[in-house]
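Since the structure comes first, as C-alpha cells, the remarks are kept for the end.
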Amino acid sequence: MLVTTPTEQMFEAMIKATRGDDVFGEDHSTNDLEAFVAHLTGHKAALFMTSGTMSNQIAIRSHLSQPPHSILCDSRSHIYAFEAGGIAYHSQAQVTPLNPINKMHLTFGEVSSNIICTDDIHYAPTRVISLENTLNGLILPLNEIKNISELARKKGIKMHLDGARIWNASAETGIKLSVYGEYFDSMTLCCSKGIGAPIGSVLVGNEEFIKKARHLRKLFGGGWRQSGLLASAAKFAIESNFPHKQKESHILARRLATGLHGYGILITQPVHTNMVFIDTTAVNVTIDTLTEHLASRGIRICGDNQSNTARLVTHYQITPRAVEEFLQVVGEVVKKTI
Ligand SMILES: *Cc1c(COP(=O)(O)O)cnc(C)c1O
C-alpha cells in the first residue's frame, strides 16, 4: 500500500459526526477537534483546514503585515521547496533558505548568524523563523529548537513549526507535543499521511492569530461548510494512530534499512523515523529495474532513475510481512545483477 487509507472504524467515527456549518462556527465535531489539538499542543486556539500547504501558507501570512520582510528556513523545507512558491505569491516575502552544515538539521549558530535584524534599508528583516520537524524523516533536536526560539523571542521574530510530521518526532523521542508547542507561536499538524485521516491539517496558535488565520482561510476560499465528518476522521486518526502505531512504523523503517544495507545498498541518511533514503548505484541496479520488480509483486515506490535514489516511507498500515517481502524482492534483483 503506497499511502494510508481510511479504515472501517474511521468511517464509523465519521458517521457519528455533527452536521453544523463551520463557516458559522457551528459544527461541534470541528470545534471539538480544534479544541482537542489546541490542548494537545498547549496552544489556546486552532483551525482545521484542507491541507498542510494551506495551513503553512496561512500561518506565515497571518504572522506578517507588509513587505519588506523575510522568512528564514531550511532550504529543504516544505514551505519553501514544495508549496509552489506560495511564500512569494501570498506573502510577498523574501526567503533566507539555509543549507544545514551538518546535512541533517539547522543549528542555533546557523540561524543566529543568518537572521536579518537591522534598520539598514538594504535588507528585508526576518519576521518569521520556520522550522520543520521531522524534515525528510529527520528529528530536529529540542535543544536547537529551544535556543532558536529564545533568540527569536528576544528579537521579536515569530516562530512557526511545519509539524506535518511532528507525530513521528514526538512518538520517537517521547517529547510531548505540548513541549514542542512551548517554543512556537504557530504549528501546522497534518492529520492525513502517517496519521491516516483522508484529509486535513490543523493550525494552532493564540486566539488573535487564529482569528486572523480564519479570516485569511476565507479569503483563500478555504472556508468550508459541514466539515464535521472530516474532523471526526481526523480526531479518530490522532487518538487511535498516535503515538503507538507511529513507533511501530519506525521500527519497520529501521528493519528495511538494515536489510537493504546488508545487500550493499547505500542508506544516504540516518533513519530517525519512518523514512529511508537509498542509493542503488553501488549494487548496479537502476531504480526503474527495482520499481519494475517490486510492482510485479504489488509494491510501489517512487524514486529518481537518473540519480539511482529513492525515498521509502513506512506507515501504520504496512505490515512486518510486507517489509520482509520487499527485502526478498530486492534481494533477488540485487543477486541477479551481481
Ligand atoms: C505533506 C507535507 C506538507 C503539506 O501537506 P499537504 O496536505 O500535502 O498540502 C507540509 N509539510 C510537510 C513537512 C509535509 O510532509
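In the C-alpha cells, chains take letters A, B, ... by order of appearance, with residues numbered from 1 within each chain and ligands from 1 in the order shown.
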- Message: Which residues are near ligand 1 in this structure, taking near to mean any atom at most 6 Å from a ligand atom and counting only C-alpha atoms and all ligand atoms? Format them as a ChimeraX atom specification.
- Response: /A:51-53,78,162,164-165
For the selection just defined, write its residues with C-alpha atoms to a file, as a CSV table (one decimal), in the first residue's frame.
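Now in selection.csv:
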chain,number,residue,atom,x,y,z
A,51,SER,CA,-4.1,20.8,3.6
A,52,GLY,CA,-0.8,21.2,5.2
A,53,THR,CA,0.2,23.6,2.4
A,78,HIS,CA,8.3,22.1,2.5
A,162,ASP,CA,5.8,22.9,10.0
A,164,ALA,CA,3.1,18.0,9.4
A,165,ARG,CA,5.2,15.1,10.7
- Looking only at the backbone, which of the residues in range 210-293 of chain A does DSSP tag as strand (DSSP E or B), as a PyMOL selection string? chain A and resi 266-267+275-279
- Exercise: Asn133 in chain A partners within 7 Å, only C-alpha atoms, chain neighbours under 5 positions left out, as an MDAnalysis selection string: chainID A and resid 139:140 162:163 165:166 169
Suppose we keep C-alpha atoms; can you now write the selection as a compact mmCIF listing (two decimals), in the first residue's frame?
# COMPACT_ATOMS: atom_id res chain seq x y z
CA ILE A 139 14.32 14.80 14.02
CA LEU A 140 15.25 18.37 14.90
CA ASP A 162 5.77 22.93 9.99
CA GLY A 163 4.86 19.95 12.11
CA ARG A 165 5.18 15.07 10.68
CA ILE A 166 5.61 16.17 14.30
CA ALA A 169 9.21 13.16 16.13
Determine which residues of range 69-273 of chain A DSSP labels as alpha helix (DSSP H) from the backbone of this structure, then write them out as a PDB file with C-alpha atoms, in the first residue's frame.
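And here is the file that came out, selection26.pdb:
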ATOM      1  CA  HIS A  78       8.306  22.109   2.543  1.00  0.00           C
ATOM      2  CA  ILE A  79       7.147  25.726   2.880  1.00  0.00           C
ATOM      3  CA  TYR A  80       9.984  26.857   0.602  1.00  0.00           C
ATOM      4  CA  ALA A  81      10.649  23.948  -1.759  1.00  0.00           C
ATOM      5  CA  GLY A  86       3.491  30.216  -2.095  1.00  0.00           C
ATOM      6  CA  ILE A  87       5.547  32.460   0.176  1.00  0.00           C
ATOM      7  CA  ALA A  88       6.311  34.833  -2.703  1.00  0.00           C
ATOM      8  CA  TYR A  89       2.749  34.666  -4.006  1.00  0.00           C
ATOM      9  CA  HIS A  90       0.740  35.003  -0.822  1.00  0.00           C
ATOM     10  CA  SER A  91       3.054  36.929   1.458  1.00  0.00           C
ATOM     11  CA  PHE A 108      21.218  27.756  16.631  1.00  0.00           C
ATOM     12  CA  GLY A 109      24.558  29.063  15.319  1.00  0.00           C
ATOM     13  CA  GLU A 110      23.433  28.973  11.687  1.00  0.00           C
ATOM     14  CA  VAL A 111      20.132  30.626  12.430  1.00  0.00           C
ATOM     15  CA  SER A 112      21.589  33.343  14.646  1.00  0.00           C
ATOM     16  CA  SER A 113      24.228  34.287  12.085  1.00  0.00           C
ATOM     17  CA  ASN A 114      21.686  34.476   9.261  1.00  0.00           C
ATOM     18  CA  LEU A 142      14.834  20.011  21.123  1.00  0.00           C
ATOM     19  CA  ASN A 143      17.821  21.993  22.405  1.00  0.00           C
ATOM     20  CA  GLU A 144      18.278  23.630  18.976  1.00  0.00           C
ATOM     21  CA  ILE A 145      14.564  24.492  18.899  1.00  0.00           C
ATOM     22  CA  LYS A 146      14.770  25.914  22.401  1.00  0.00           C
ATOM     23  CA  ASN A 147      17.812  28.091  21.688  1.00  0.00           C
ATOM     24  CA  ILE A 148      16.454  29.320  18.357  1.00  0.00           C
ATOM     25  CA  SER A 149      13.115  30.136  19.974  1.00  0.00           C
ATOM     26  CA  GLU A 150      14.708  32.090  22.835  1.00  0.00           C
ATOM     27  CA  LEU A 151      16.666  34.155  20.333  1.00  0.00           C
ATOM     28  CA  ALA A 152      13.559  34.757  18.187  1.00  0.00           C
ATOM     29  CA  ARG A 153      11.599  35.968  21.223  1.00  0.00           C
ATOM     30  CA  LYS A 154      14.355  38.367  22.175  1.00  0.00           C
ATOM     31  CA  LYS A 155      14.356  39.800  18.659  1.00  0.00           C
ATOM     32  CA  ILE A 166       5.614  16.167  14.303  1.00  0.00           C
ATOM     33  CA  TRP A 167       3.741  12.999  15.340  1.00  0.00           C
ATOM     34  CA  ASN A 168       6.745  10.953  14.275  1.00  0.00           C
ATOM     35  CA  ALA A 169       9.214  13.161  16.126  1.00  0.00           C
ATOM     36  CA  SER A 170       7.118  13.090  19.282  1.00  0.00           C
ATOM     37  CA  ALA A 171       6.466   9.349  19.180  1.00  0.00           C
ATOM     38  CA  GLU A 172      10.138   8.590  18.634  1.00  0.00           C
ATOM     39  CA  THR A 173      11.623  10.971  21.216  1.00  0.00           C
ATOM     40  CA  LEU A 177       3.514  17.809  21.567  1.00  0.00           C
ATOM     41  CA  SER A 178       2.868  20.414  24.260  1.00  0.00           C
ATOM     42  CA  VAL A 179       6.597  20.614  24.999  1.00  0.00           C
ATOM     43  CA  TYR A 180       7.355  21.270  21.331  1.00  0.00           C
ATOM     44  CA  GLY A 181       4.422  23.671  21.390  1.00  0.00           C
ATOM     45  CA  GLU A 207      -6.724  33.358  19.764  1.00  0.00           C
ATOM     46  CA  GLU A 208      -5.849  36.554  17.949  1.00  0.00           C
ATOM     47  CA  PHE A 209      -3.610  34.694  15.491  1.00  0.00           C
ATOM     48  CA  ILE A 210      -6.242  32.038  14.771  1.00  0.00           C
ATOM     49  CA  LYS A 211      -8.884  34.732  14.283  1.00  0.00           C
ATOM     50  CA  LYS A 212      -6.700  36.285  11.604  1.00  0.00           C
ATOM     51  CA  ALA A 213      -5.962  32.870  10.093  1.00  0.00           C
ATOM     52  CA  ARG A 214      -9.715  32.127   9.945  1.00  0.00           C
ATOM     53  CA  HIS A 215     -10.253  35.364   8.062  1.00  0.00           C
ATOM     54  CA  LEU A 216      -7.443  34.545   5.618  1.00  0.00           C
ATOM     55  CA  ARG A 217      -8.715  30.988   5.177  1.00  0.00           C
ATOM     56  CA  LYS A 218     -11.972  32.523   3.939  1.00  0.00           C
ATOM     57  CA  LEU A 219     -10.021  34.792   1.602  1.00  0.00           C
ATOM     58  CA  GLY A 228     -17.697  17.545  10.774  1.00  0.00           C
ATOM     59  CA  LEU A 229     -17.208  14.200   9.105  1.00  0.00           C
ATOM     60  CA  LEU A 230     -13.612  15.100   8.179  1.00  0.00           C
ATOM     61  CA  ALA A 231     -12.940  16.490  11.642  1.00  0.00           C
ATOM     62  CA  SER A 232     -14.235  13.255  13.165  1.00  0.00           C
ATOM     63  CA  ALA A 233     -11.943  11.210  10.925  1.00  0.00           C
ATOM     64  CA  ALA A 234      -9.015  13.425  11.912  1.00  0.00           C
ATOM     65  CA  LYS A 235      -9.733  13.106  15.625  1.00  0.00           C
ATOM     66  CA  PHE A 236     -10.131   9.366  15.308  1.00  0.00           C
ATOM     67  CA  ALA A 237      -6.810   9.196  13.436  1.00  0.00           C
ATOM     68  CA  ILE A 238      -4.973  11.106  16.146  1.00  0.00           C
ATOM     69  CA  GLU A 239      -6.484   9.140  19.009  1.00  0.00           C
ATOM     70  CA  SER A 240      -6.030   5.700  17.544  1.00  0.00           C
ATOM     71  CA  ASN A 241      -2.849   6.023  15.475  1.00  0.00           C
ATOM     72  CA  HIS A 244       1.987   3.725  19.325  1.00  0.00           C
ATOM     73  CA  LYS A 245       1.465   2.939  15.675  1.00  0.00           C
ATOM     74  CA  GLN A 246       3.932   5.624  14.633  1.00  0.00           C
ATOM     75  CA  LYS A 247       6.662   3.959  16.618  1.00  0.00           C
ATOM     76  CA  GLU A 248       5.984   0.599  15.038  1.00  0.00           C
ATOM     77  CA  SER A 249       6.388   2.112  11.598  1.00  0.00           C
ATOM     78  CA  HIS A 250       9.788   3.477  12.677  1.00  0.00           C
ATOM     79  CA  ILE A 251      10.900   0.011  13.706  1.00  0.00           C
ATOM     80  CA  LEU A 252       9.873  -1.247  10.272  1.00  0.00           C
ATOM     81  CA  ALA A 253      11.834   1.545   8.572  1.00  0.00           C
ATOM     82  CA  ARG A 254      14.941   0.557  10.510  1.00  0.00           C
ATOM     83  CA  ARG A 255      14.428  -3.099   9.606  1.00  0.00           C
ATOM     84  CA  LEU A 256      14.131  -2.046   5.965  1.00  0.00           C
ATOM     85  CA  ALA A 257      17.335   0.000   6.166  1.00  0.00           C
ATOM     86  CA  THR A 258      19.297  -2.792   7.849  1.00  0.00           C
ATOM     87  CA  GLY A 259      18.146  -5.311   5.258  1.00  0.00           C
ATOM     88  CA  LEU A 260      18.931  -3.061   2.295  1.00  0.00           C
ATOM     89  CA  HIS A 261      22.307  -2.124   3.759  1.00  0.00           C
ATOM     90  CA  GLY A 262      23.017  -5.853   4.022  1.00  0.00           C
TER      91      GLY A 262
END
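The closest residue to Ile301 in chain A, picked from A:Ile129, A:Gly221, A:Thr314, A:Thr188 and counting only C-alpha atoms, is A:Thr314.
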- Using only C-alpha atoms, find the one residue out of A:Gln92, A:Asn308, A:Ser77, A:Ser70 that sits nearest to Pro125 in chain A.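 Answer, going by the shortest atom-to-atom distance: A:Ser70.
Closest approach to Asn206 in chain A from the set A:Ala35, A:Ala13, A:Ile71, A:Met49 is made by A:Ala35, with distances taken over only C-alpha atoms.
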